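Right, one structure below, let's go through it.
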Amino acid sequence: MAKLVLGFLLLSCLYLQPAMGRFVVEKNSLTVSSPDSIKGNHDSAIGNFGIPQYGGSMAGTVAYPKENRKGCRKFDEFGISFKAKPGTLPTFVLVDRGDCFFALKVWNAQNAGASAVLVADDIDEALITMDTPEEDAVSAKYIENITIPSALISKSFGEKLKKAISDGDMVNVNLDWRESVPHPDDRVEYELWTNSNDECGGKCDMLMDFVKNFKGAAQILEKGGYTLFTPHYITWYCPQAFTISKQCKSQCINHGRYCAPDPEQDFSTGYEGKDVVIENLRQLCVFKVANETNKPWVWWDYVTDFQIRCPMKDKKYNKECADAVIKSLGLDLRKIEKCMGDPDADSDNILLKEEQDAQIGKGSRGDVTILPTLVVNNRQYRGKLEKGAVLKAICAGFEETTEPAACLSDDVETNECLENHGGCWHDKIANVTACKDTFRGRVCECPLVDGVQFKGDGYTSCEASGPGRCKINNGGCWHETRNGISYSACSDNGNGKCACPSGFKGDGVNSCEDIDECKDKKACQCPECSCKNTWGSYDCTCSSDLLYMRDHDTCISKRVAEAKSAWTAVWIIILGIAMAAAGAYLVYKYRIRTYMDSEIRAIMAQYMPLDNQSEVVNHVSEDRA
């Protein structure tokens, strides 16, 4: 029990340390256009869920329901709908704070037809950020599907809105996010505070999905020089009093300087927190080395591939799997290992020390205390971490008229398979690759070519399988053509193995070498025979006018062979006649003998009983009596 308490205490220390910093509430502007009594500009705090309209604005009419005013129940239970009629402004629903999660209020209003939600605070205080609850099976379902923006307003401003509505006034407001993200020039700088841990629940799953989906757009923006992206990783330090504890040693590297919570929150099983810190450090070094080669966007490829190929649930979250991903992307493994340094050293790690320093807010940006956090032009992004929403926020950071094409179109075209086949498997000879370009970025998936399915991991190997596999580059087996004659080690027998054909030897994959049948008299062994080796076979000839008979490995005279052929035909005819005569004689003899046997038996039966006639004799005796 003491060990468990100590573990939770350590976790508390790890989490609380950065949380004592400065948290900045990101705001958008709310302007009341009518009625005149409350007309003017007001601040509102952007909700950390849903999709804020960064770079844009929305006008609507405020509605305050007579029932279910806290929005904790479904509005259709009260027969309430907020769907705007054609030709009217969208409806912004005003609800009161309290009794349930912020996100649930917004979800219920969205289902009732609201276009945005304003939550009125119930106490007089500075504005706070409405965050999502700790996700469980129930909340995760609706949080993921919230698509409308929301904002928290002060208690006093909320009272003014309620009074105007109760007085019968039409309250029109405008929500404006155009200044929520600074847009000073034609390049956007943004950061993603992330984590390599893939077993931390709903938020980890959401983060992993976002990285996969946003990769294509991120790489296009980076390759075009439109953005400057930097990944970051949160670490905590272990308090001095616990550095020698078992829990600290399992969660930290560099003697307690850089720590992460245990992935399973169970110190006795599975992966440890220090495993996460080491992989976080590796990903930082991947970005650093890729950036040094002017290809910083390769970080996105590494992170997405690592998620797919090296998940914790498959027990592949390790250095060996990470190294395989690094090699497939053409990165210098030695430079990355040098960058990572020694995790057991009792000294600072330069990269991780910089990360801890970067967690502290600077200028208008607050401290980074939660994961994941996106920062655009030094402002923390609020809202759903989703491709379209994030792209909208990034595009809002460009100076007007300097937005790239990706911001002006719904479709983000990618072509990541052109360069090194996206790091996926490919066959140069057959010109086949496992790289597929999708709107989510490239994926490595073994292809289907001309009805033949390739199987493998898509990264290091793909092999043609099933019937017809030999049509595709001979199934990956050895093959060669000489003087119009072709041989292949591939066979469509279903076993998928390569085997050298008769007359060759080798592994069947890389090579098959011709067997010299003439060597050491392995073929053409007759004295008069002369052997000549050919590619894949051999030829035997006989001296003078002799003719070679391959089946018997011998030489005979051509005239003898001809005479022998003629006599063979004669003997076949004679043999046929003899066999027919013998057959007829046997039939004749059998029939005569059978007839004579029956006559003799009939005569003898008149004078003495036969063995098989005992019953007949007895019957006659009984008649005589």
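Ligands are numbered from 1 in the order shown, chains are lettered A, B, ... in the order of the structure tokens, and residues start at 1 in each chain.
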
| task | Based on DSSP run over this structure's backbone, return all residues of segment 9-175 of chain A in strand (DSSP E or B), as a ChimeraX atom specification. | result | /A:27-34,40-46,57-63,91-96,116-120,150-153,172-175

| field | Neighbour list for segment 25-39 of chain A as a PyMOL selection string, cut-off 6 Å, only C-alpha atoms, skip fewer than 4 positions in-chain | value | chain A and resi 43-46+129+171-177+180

Got time to write the residues from that selection, N, CA and C atoms, as an mmCIF file, in the first residue's frame?
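Once everything was written out, this is again33.cif:
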```cif
data_model
loop_
_atom_site.group_PDB
_atom_site.id
_atom_site.type_symbol
_atom_site.label_atom_id
_atom_site.label_comp_id
_atom_site.auth_asym_id
_atom_site.auth_seq_id
_atom_site.Cartn_x
_atom_site.Cartn_y
_atom_site.Cartn_z
ATOM 1 N N ASP A 43 -15.782 40.771 -24.365
ATOM 2 C CA ASP A 43 -14.880 39.621 -24.497
ATOM 3 C C ASP A 43 -15.625 38.323 -24.204
ATOM 4 N N SER A 44 -15.173 37.270 -24.820
ATOM 5 C CA SER A 44 -15.683 35.930 -24.510
ATOM 6 C C SER A 44 -14.511 34.962 -24.631
ATOM 7 N N ALA A 45 -14.540 33.910 -23.824
ATOM 8 C CA ALA A 45 -13.437 32.939 -23.799
ATOM 9 C C ALA A 45 -13.770 31.768 -24.728
ATOM 10 N N ILE A 46 -12.860 31.454 -25.634
ATOM 11 C CA ILE A 46 -13.100 30.404 -26.614
ATOM 12 C C ILE A 46 -13.104 29.033 -25.929
ATOM 13 N N THR A 129 -11.279 29.244 -19.385
ATOM 14 C CA THR A 129 -11.426 28.422 -20.599
ATOM 15 C C THR A 129 -12.285 27.202 -20.299
ATOM 16 N N VAL A 171 -32.114 40.135 -29.822
ATOM 17 C CA VAL A 171 -30.699 40.345 -29.493
ATOM 18 C C VAL A 171 -29.846 39.742 -30.603
ATOM 19 N N ASN A 172 -29.206 40.602 -31.354
ATOM 20 C CA ASN A 172 -28.319 40.171 -32.432
ATOM 21 C C ASN A 172 -26.862 40.393 -32.031
ATOM 22 N N VAL A 173 -26.039 39.365 -32.218
ATOM 23 C CA VAL A 173 -24.627 39.477 -31.849
ATOM 24 C C VAL A 173 -23.757 38.962 -32.987
ATOM 25 N N ASN A 174 -22.488 39.324 -32.910
ATOM 26 C CA ASN A 174 -21.514 38.858 -33.898
ATOM 27 C C ASN A 174 -20.305 38.290 -33.156
ATOM 28 N N LEU A 175 -20.018 37.016 -33.403
ATOM 29 C CA LEU A 175 -18.816 36.397 -32.840
ATOM 30 C C LEU A 175 -17.689 36.530 -33.848
ATOM 31 N N ASP A 176 -16.552 37.040 -33.397
ATOM 32 C CA ASP A 176 -15.461 37.359 -34.320
ATOM 33 C C ASP A 176 -14.156 36.736 -33.826
ATOM 34 N N TRP A 177 -13.541 35.884 -34.679
ATOM 35 C CA TRP A 177 -12.271 35.236 -34.340
ATOM 36 C C TRP A 177 -11.119 35.758 -35.201
ATOM 37 N N SER A 180 -8.114 36.523 -33.193
ATOM 38 C CA SER A 180 -7.736 35.522 -32.191
ATOM 39 C C SER A 180 -6.360 34.939 -32.467
#
```

| Can you list, as a ChimeraX atom specification, every residue of segment 279-448 of chain A that DSSP puts in helix (DSSP H, G or I)? | /A:279-292,298-309,312-314,319-328,333-340,350-358,387-395,405-408,420-423

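Across the model, the gap from atom CA of Asn197 of chain A to atom CA of Gly270 of chain A is 12.4 Å.
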
| message | Report as a PyMOL selection string all protein, DNA and RNA residues lying within 7 Å of Cys529 of chain A, evaluated on only C-alpha atoms, omitting residues in the same chain fewer than 2 positions from it. | response | chain A and resi 524-527+531+540-543+555

| field | Of the listed residues A:Gly484, A:Gly56, A:Gly476, A:Pro372, that which approaches Gly508 of chain A most closely, counting only C-alpha atoms | value |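 Once distances to Gly508 of chain A are computed over only C-alpha atoms, the minimum belongs to A:Gly476.
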
| atom CA of Glu125 of chain A and atom CA of Lys162 of chain A are how many Å apart? |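 Interatomic distance, atom CA of Glu125 of chain A to atom CA of Lys162 of chain A: 18.6 Å.
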
| message | Give me the residues near Thr194 of chain A as a PyMOL selection string, where near means some atom within 9 Å (using only C-alpha atoms) and where sequence neighbours in that chain fewer than 3 positions away do not count. | response | chain A and resi 207+231-234+280+371-374

Could those residues be written to a file, using C-alpha atoms, as a PDB file, in the first residue's frame?
```
ATOM      1  CA  LEU A 207      -3.847  13.173 -31.013  1.00  0.00           C
ATOM      2  CA  PRO A 231       7.270  19.791 -32.413  1.00  0.00           C
ATOM      3  CA  HIS A 232       7.578  19.897 -28.633  1.00  0.00           C
ATOM      4  CA  TYR A 233       7.328  17.344 -25.831  1.00  0.00           C
ATOM      5  CA  ILE A 234       6.338  17.976 -22.228  1.00  0.00           C
ATOM      6  CA  ASN A 280      10.066  11.592 -27.057  1.00  0.00           C
ATOM      7  CA  LEU A 371      -1.525  17.679 -23.835  1.00  0.00           C
ATOM      8  CA  PRO A 372      -2.036  18.094 -26.672  1.00  0.00           C
ATOM      9  CA  THR A 373      -1.565  21.840 -27.176  1.00  0.00           C
ATOM     10  CA  LEU A 374      -1.297  23.630 -30.504  1.00  0.00           C
TER      11      LEU A 374
END
```

| Nearest-residue call for Ser461 of chain A, choices A:Thr402, A:Gln380, A:Ser328, A:Asn349, using only C-alpha atoms |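 Selected residue with least distance to Ser461 of chain A: A:Ser328.
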
| said: Which residues are near Gly158 of chain A? Cut-off 9 Å, only C-alpha atoms, ignore same chain within fewer than 5 positions. Put them as a list in words. | reply: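 Everything that qualifies: Leu94, Asp96, Leu118, Val119, Ala120, Asp121, Ile153 and Lys163 of chain A.
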
| field | Given only C-alpha atoms as the counted atoms, nearest of A:Asn195, A:Asp514, A:Arg282, A:Leu152 to Lys105 of chain A | value |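 Of A:Asn195, A:Asp514, A:Arg282, A:Leu152, the one nearest Lys105 of chain A, counting only C-alpha atoms, is A:Leu152.
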
| task | To one decimal in Å, tell me the separation between atom CA of Met58 of chain A and atom CA of Gly383 of chain A. | result |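 It comes out at 16.1 Å.
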
Which segment 338-419 of chain A residues have any atom within 12 Å of an atom of segment 144-149 of chain A, and for each, what is the nearest pair of atoms with distance in Å to one decimal, counting only C-alpha atoms, rows sorted by chain and number, as a Markdown table?
```
| residue | atom | partner | partner_atom | distance |
| --- | --- | --- | --- | --- |
| A:Arg382 | CA | A:Pro149 | CA | 10.0 |
| A:Gly383 | CA | A:Pro149 | CA | 7.9 |
| A:Lys384 | CA | A:Glu144 | CA | 7.9 |
| A:Leu385 | CA | A:Glu144 | CA | 9.5 |
| A:Glu386 | CA | A:Glu144 | CA | 9.5 |
| A:Gly388 | CA | A:Thr147 | CA | 10.8 |
| A:Ala389 | CA | A:Thr147 | CA | 9.3 |
```

Store the residues of this selection in a file with N, CA and C atoms, as an mmCIF file, in the first residue's frame.
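Saved file part01.cif follows:
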```
data_model
loop_
_atom_site.group_PDB
_atom_site.id
_atom_site.type_symbol
_atom_site.label_atom_id
_atom_site.label_comp_id
_atom_site.auth_asym_id
_atom_site.auth_seq_id
_atom_site.Cartn_x
_atom_site.Cartn_y
_atom_site.Cartn_z
ATOM 1 N N ARG A 382 -7.499 26.981 -29.448
ATOM 2 C CA ARG A 382 -8.593 26.414 -28.677
ATOM 3 C C ARG A 382 -9.577 25.765 -29.647
ATOM 4 N N GLY A 383 -10.050 24.625 -29.260
ATOM 5 C CA GLY A 383 -11.017 23.945 -30.102
ATOM 6 C C GLY A 383 -10.590 22.520 -30.401
ATOM 7 N N LYS A 384 -11.370 21.892 -31.247
ATOM 8 C CA LYS A 384 -11.152 20.497 -31.589
ATOM 9 C C LYS A 384 -9.870 20.337 -32.399
ATOM 10 N N LEU A 385 -9.062 19.356 -32.031
ATOM 11 C CA LEU A 385 -7.837 19.085 -32.774
ATOM 12 C C LEU A 385 -8.200 18.211 -33.969
ATOM 13 N N GLU A 386 -8.624 18.870 -35.020
ATOM 14 C CA GLU A 386 -9.103 18.191 -36.216
ATOM 15 C C GLU A 386 -8.546 18.908 -37.438
ATOM 16 N N GLY A 388 -9.459 20.010 -40.490
ATOM 17 C CA GLY A 388 -10.065 21.203 -41.066
ATOM 18 C C GLY A 388 -10.036 22.382 -40.123
ATOM 19 N N ALA A 389 -10.306 22.136 -38.849
ATOM 20 C CA ALA A 389 -10.331 23.212 -37.864
ATOM 21 C C ALA A 389 -8.935 23.808 -37.657
#
```
